[in-house]
file query-v1.txt (compact mmCIF, C-alpha atoms)
# COMPACT_ATOMS: atom_id res chain seq x y z
CA MET E 1 0.00 0.00 0.00
CA GLY E 2 2.92 2.35 0.64
CA THR E 3 4.06 2.22 -2.99
CA ILE E 4 0.50 2.66 -4.30
CA PHE E 5 0.03 5.64 -1.98
CA ASN E 6 3.34 7.08 -3.24
CA ALA E 7 2.36 6.70 -6.89
CA ILE E 8 -1.04 8.31 -6.25
CA ALA E 9 0.67 11.24 -4.50
CA VAL E 10 2.91 11.77 -7.54
CA ILE E 11 -0.10 11.64 -9.88
CA ILE E 12 -2.11 14.10 -7.76
CA GLY E 13 0.82 16.51 -7.36
CA GLY E 14 1.73 16.24 -11.03
CA THR E 15 -1.88 16.80 -12.09
CA ILE E 16 -2.18 19.92 -9.94
CA GLY E 17 1.07 21.30 -11.36
CA THR E 18 0.02 20.52 -14.94
CA ILE E 19 -3.47 22.05 -14.59
CA PHE E 20 -2.15 25.29 -13.15
CA LYS E 21 0.91 25.36 -15.43
CA GLU E 22 -0.62 27.90 -17.81
CA LYS E 23 -1.50 30.20 -14.93
CA ILE E 24 2.03 30.22 -13.56
CA PRO E 25 4.36 32.77 -15.25
CA SER E 26 7.43 31.30 -16.96
CA SER E 27 9.64 33.32 -14.62
CA LEU E 28 7.99 31.63 -11.62
CA GLN E 29 8.30 28.20 -13.26
CA LYS E 30 12.02 28.81 -13.70
CA LEU E 31 12.29 29.95 -10.10
CA LEU E 32 10.58 26.75 -8.93
CA MET E 33 13.04 24.66 -10.95
CA ASP E 34 15.96 26.63 -9.52
CA ALA E 35 14.55 26.16 -6.01
CA LEU E 36 14.29 22.38 -6.52
CA GLY E 37 17.83 22.33 -7.90
CA LEU E 38 19.13 24.23 -4.88
CA ILE E 39 17.25 21.86 -2.54
CA CYS E 40 18.78 18.85 -4.32
CA LEU E 41 22.32 20.20 -3.76
CA PRO E 42 22.39 19.90 0.07
CA LEU E 43 20.27 16.73 -0.10
CA GLY E 44 22.76 15.07 -2.45
CA MET E 45 25.73 16.27 -0.40
CA GLU E 46 24.20 15.02 2.85
CA MET E 47 23.65 11.58 1.30
CA ALA E 48 27.06 11.46 -0.40
CA ILE E 49 29.09 12.22 2.74
CA LYS E 50 27.42 9.36 4.61
CA GLY E 51 29.62 6.95 2.69
CA GLU E 52 32.82 5.76 4.36
CA LYS E 53 34.36 3.91 1.42
CA PHE E 54 35.48 6.58 -1.01
CA LEU E 55 37.40 4.28 -3.37
CA ALA E 56 34.35 2.03 -3.68
CA LEU E 57 32.26 5.11 -4.48
CA VAL E 58 34.74 6.31 -7.12
CA PHE E 59 35.12 2.97 -8.90
CA SER E 60 31.42 2.09 -8.82
CA THR E 61 30.47 5.51 -10.22
CA VAL E 62 33.11 5.53 -12.97
CA ILE E 63 32.63 1.92 -14.08
CA GLY E 64 28.87 2.20 -13.65
CA GLY E 65 28.91 5.24 -15.90
CA ILE E 66 30.88 3.37 -18.56
CA ILE E 67 28.42 0.47 -18.45
CA GLY E 68 25.44 2.82 -18.55
CA GLU E 69 26.86 4.69 -21.53
CA LEU E 70 27.59 1.47 -23.43
CA ILE E 71 24.12 0.08 -22.71
CA GLY E 72 22.50 3.43 -23.43
CA ILE E 73 20.23 3.64 -20.39
CA HIS E 74 19.59 7.38 -20.81
CA GLU E 75 18.73 6.99 -24.48
CA GLY E 76 16.49 4.00 -23.73
CA LEU E 77 14.53 5.93 -21.12
CA GLU E 78 14.26 8.88 -23.50
CA LYS E 79 12.85 6.63 -26.23
CA PHE E 80 10.36 5.19 -23.74
CA SER E 81 9.28 8.65 -22.57
CA ASN E 82 9.06 9.91 -26.16
CA MET E 83 6.84 6.95 -27.01
CA ILE E 84 4.50 7.90 -24.17
CA GLU E 85 4.68 11.55 -25.26
CA ARG E 86 3.49 10.70 -28.77
CA ARG E 87 0.48 8.93 -27.31
CA PHE E 88 -0.55 11.29 -24.55
CA ALA E 89 1.36 14.54 -24.33
CA LYS E 90 0.56 17.83 -25.97
CA GLU E 91 3.75 19.72 -25.13
CA LYS E 92 7.08 18.99 -26.74
CA ASN E 93 10.65 19.08 -25.48
CA THR E 94 9.85 18.99 -21.76
CA PHE E 95 8.06 15.62 -21.49
CA ALA E 96 11.18 13.44 -21.56
CA LYS E 97 13.04 15.76 -19.19
CA GLY E 98 10.11 15.77 -16.77
CA PHE E 99 9.78 11.99 -16.85
CA LEU E 100 13.51 11.33 -16.41
CA THR E 101 14.05 13.99 -13.75
CA ALA E 102 11.09 12.88 -11.65
CA THR E 103 11.91 9.18 -12.09
CA LEU E 104 15.49 9.61 -10.89
CA LEU E 105 14.48 11.92 -8.05
CA TYR E 106 11.72 9.65 -6.72
CA CYS E 107 13.43 6.27 -7.21
CA ILE E 108 16.89 6.99 -5.78
CA GLY E 109 17.69 7.15 -2.10
CA PRO E 110 17.45 5.31 1.21
CA MET E 111 13.75 6.09 1.67
CA THR E 112 12.97 4.16 -1.53
CA ILE E 113 14.89 1.07 -0.40
CA MET E 114 14.13 1.07 3.32
CA GLY E 115 10.52 2.15 2.85
CA SER E 116 9.83 -0.59 0.29
CA LEU E 117 11.50 -3.21 2.50
CA GLN E 118 9.46 -2.03 5.49
CA ASP E 119 6.26 -2.33 3.46
CA GLY E 120 7.19 -5.71 1.97
CA LEU E 121 8.04 -7.23 5.36
CA GLY E 122 4.56 -6.47 6.65
CA GLN E 123 5.39 -3.45 8.78
CA SER E 124 3.49 -0.17 8.70
CA PRO E 125 4.94 1.72 5.69
CA GLN E 126 5.57 4.97 7.56
CA ILE E 127 8.69 5.75 5.53
CA LEU E 128 6.83 5.53 2.22
CA TYR E 129 3.95 7.62 3.56
CA THR E 130 6.45 10.33 4.48
CA LYS E 131 8.17 9.98 1.11
CA SER E 132 4.78 10.26 -0.60
CA LEU E 133 4.16 13.68 0.93
CA LEU E 134 7.60 14.87 -0.18
CA ASP E 135 7.22 13.45 -3.71
CA GLY E 136 3.70 14.81 -4.08
CA THR E 137 4.83 18.30 -3.12
CA ALA E 138 7.83 18.12 -5.46
CA SER E 139 5.56 16.91 -8.27
CA ILE E 140 3.53 20.13 -8.13
CA ALA E 141 6.65 22.23 -8.70
CA LEU E 142 8.17 19.88 -11.31
CA ALA E 143 4.95 19.46 -13.31
CA SER E 144 4.29 23.20 -13.36
CA ALA E 145 7.61 23.60 -15.18
CA LEU E 146 7.98 20.32 -17.11
CA GLY E 147 4.42 19.09 -17.60
CA LEU E 148 2.90 15.64 -18.07
CA GLY E 149 6.15 13.69 -17.96
CA VAL E 150 6.21 14.10 -14.19
CA ILE E 151 2.84 12.36 -13.83
CA PHE E 152 4.05 9.34 -15.79
CA SER E 153 7.00 8.95 -13.42
CA ALA E 154 4.44 7.30 -11.14
CA ILE E 155 4.93 4.23 -13.36
CA SER E 156 8.60 4.17 -12.41
CA VAL E 157 7.70 4.47 -8.72
CA LEU E 158 5.34 1.50 -9.03
CA VAL E 159 7.90 -0.64 -10.87
CA VAL E 160 10.96 0.15 -8.71
CA GLN E 161 9.39 0.32 -5.26
CA GLY E 162 6.86 -2.39 -6.10
CA SER E 163 9.62 -4.81 -7.11
CA ILE E 164 11.55 -4.24 -3.88
CA THR E 165 8.35 -4.62 -1.85
CA LEU E 166 7.30 -7.87 -3.57
CA PHE E 167 10.73 -9.47 -3.12
CA ALA E 168 11.46 -7.96 0.30
CA LYS E 169 11.53 -11.31 2.11
CA PHE E 170 14.18 -12.61 -0.27
CA ILE E 171 16.45 -9.55 -0.54
CA SER E 172 16.18 -8.02 2.95
CA THR E 173 19.29 -9.92 4.11
CA PHE E 174 21.25 -8.42 1.20
CA PHE E 175 20.60 -4.83 2.29
CA THR E 176 22.87 -4.73 5.32
CA ASP E 177 23.52 -1.43 7.10
CA ILE E 178 26.84 -0.89 5.30
CA ILE E 179 25.35 -1.60 1.85
CA VAL E 180 22.42 0.78 2.44
CA GLN E 181 24.88 3.40 3.70
CA GLU E 182 27.14 3.16 0.64
CA MET E 183 24.21 2.93 -1.78
CA THR E 184 22.92 6.10 -0.14
CA ALA E 185 26.27 7.76 -0.88
CA VAL E 186 26.06 6.75 -4.55
CA GLY E 187 22.47 7.99 -4.64
CA GLY E 188 23.69 11.31 -3.24
CA VAL E 189 26.15 11.68 -6.13
CA LEU E 190 23.35 11.00 -8.61
CA ILE E 191 21.07 13.55 -6.93
CA LEU E 192 23.89 16.11 -7.19
CA GLY E 193 23.88 15.38 -10.92
CA ILE E 194 20.12 15.99 -11.00
CA ALA E 195 20.68 19.31 -9.18
CA LEU E 196 23.17 20.44 -11.85
CA ASN E 197 20.64 19.51 -14.55
CA LEU E 198 17.81 21.41 -12.85
CA LEU E 199 20.01 24.46 -12.43
CA ASN E 200 21.18 24.22 -16.08
CA ILE E 201 24.80 24.34 -14.92
CA LYS E 202 25.67 21.21 -16.88
CA GLN E 203 23.46 18.58 -18.49
CA ILE E 204 24.53 15.18 -17.16
CA LYS E 205 23.11 11.84 -18.31
CA VAL E 206 22.43 10.79 -14.73
CA ALA E 207 20.49 7.69 -15.82
CA ASN E 208 23.70 6.26 -17.29
CA LEU E 209 25.21 6.31 -13.80
CA LEU E 210 22.49 4.05 -12.35
CA PRO E 211 24.59 0.85 -12.63
CA ALA E 212 26.78 2.33 -9.88
CA LEU E 213 24.01 1.49 -7.38
CA PHE E 214 24.38 -2.19 -8.23
CA LEU E 215 28.18 -2.15 -8.36
CA ILE E 216 28.78 -0.52 -4.98
CA PRO E 217 28.16 -3.77 -2.99
CA ILE E 218 30.89 -5.47 -5.07
CA PHE E 219 33.44 -2.69 -4.54
CA ILE E 220 32.69 -2.61 -0.83
CA HIS E 221 34.24 -6.07 -0.66
CA ILE E 222 37.11 -5.20 -3.01
CA PHE E 223 38.02 -2.16 -0.85
CA PRO E 224 37.19 -3.37 2.68

call {"tool": "encode", "arguments": {"input": "query-v1.txt", "output": "structure tokens"}}
result
Amino acid sequence: MGTIFNAIAVIIGGTIGTIFKEKIPSSLQKLLMDALGLICLPLGMEMAIKGEKFLALVFSTVIGGIIGELIGIHEGLEKFSNMIERRFAKEKNTFAKGFLTATLLYCIGPMTIMGSLQDGLGQSPQILYTKSLLDGTASIALASALGLGVIFSAISVLVVQGSITLFAKFISTFFTDIIVQEMTAVGGVLILGIALNLLNIKQIKVANLLPALFLIPIFIHIFP
């Protein structure tokens, strides 16, 4: 129920932002994007500095980026979002950015992992309820600037968090404290990349760095 509640919150927030998009001046939309970018900076830094294994972070991020670039994760997600855009969206250019930005923002971080595990193990999903309020609020600001793509990121929330929830009993032993801590650090680096994108400082293909989240447990053991 926590994941469903989270997805609904994203849809409601995104719908509100999309409906009132035309009534919000472009200057205010830009200000909202800048505000979210600035918020993501300290959030990403706070998560990144929680890691204690810097070499593991470096190698997982670099090698993960190489793998992501070779596989073409960013391009694949763009094609998927463009396919949805052709079917449903009226606006151009911002749909893919809205979908990718919201997907990465909502599906990366300790609240996603720990909240989904909590829900899947039969506990009260308090973490996901809290995350839902945060994501719903962020969706209003994102959708007002980037449109319908933000609403469709609810699909990503359902897939990612739903998968962790469904298989929680099998994978809970894998997510030890140290692995969650170091995955949080990698997630922080990715959120910093999102912040740079939102602030238009530099456009980074953050999606191509996602393999780093799966590599960090390996490098933890290589650099004990």

call {"tool": "closest_residue", "arguments": {"input": "query-v1.txt", "among": "E:Lys50, E:Thr130, E:Asn6, E:Gly13", "to": "Asp177 (chain E)", "atoms": "only C-alpha atoms"}}
result
E:Lys50

call {"tool": "closest_residue", "arguments": {"input": "query-v1.txt", "among": "E:Asn197, E:Gln123, E:Thr61, E:Thr103", "to": "Asp135 (chain E)", "atoms": "all atoms listed in the file"}}
result
E:Thr103

call {"tool": "closest_residue", "arguments": {"input": "query-v1.txt", "among": "E:Ile140, E:Val159, E:Val150, E:Leu41", "to": "Leu190 (chain E)", "atoms": "all atoms listed in the file"}}
result
E:Leu41

call {"tool": "atom_distance", "arguments": {"input": "query-v1.txt", "atom1": "CA of Phe99 (chain E)", "atom2": "CA of Ile11 (chain E)"}}
result
12.1 Å

call {"tool": "atom_distance", "arguments": {"input": "query-v1.txt", "atom1": "CA of Lys79 (chain E)", "atom2": "CA of Lys97 (chain E)"}}
result
11.5 Å

call {"tool": "closest_residue", "arguments": {"input": "query-v1.txt", "among": "E:Ile127, E:Ala185, E:Gly149, E:Ala56", "to": "Leu43 (chain E)", "atoms": "only C-alpha atoms"}}
result
E:Ala185

call {"tool": "residues_around", "arguments": {"input": "query-v1.txt", "residues": "Phe219 (chain E)", "least_positions_apart": "2", "cutoff": "8 Å", "atoms": "all atoms listed in the file", "output": "tab-separated table (two decimals) with C-alpha atoms, keeping the file's coordinate frame"}}
result
chain	number	residue	atom	x	y	z
E	56	ALA	CA	34.35	2.03	-3.68
E	57	LEU	CA	32.26	5.11	-4.48
E	59	PHE	CA	35.12	2.97	-8.90
E	60	SER	CA	31.42	2.09	-8.82
E	215	LEU	CA	28.18	-2.15	-8.36
E	216	ILE	CA	28.78	-0.52	-4.98
E	217	PRO	CA	28.16	-3.77	-2.99
E	221	HIS	CA	34.24	-6.07	-0.66
E	222	ILE	CA	37.11	-5.20	-3.01
E	223	PHE	CA	38.02	-2.16	-0.85

call {"tool": "closest_residue", "arguments": {"input": "query-v1.txt", "among": "E:Gly162, E:Pro224, E:Gly76, E:Pro25", "to": "Gln118 (chain E)", "atoms": "all atoms listed in the file"}}
result
E:Gly162
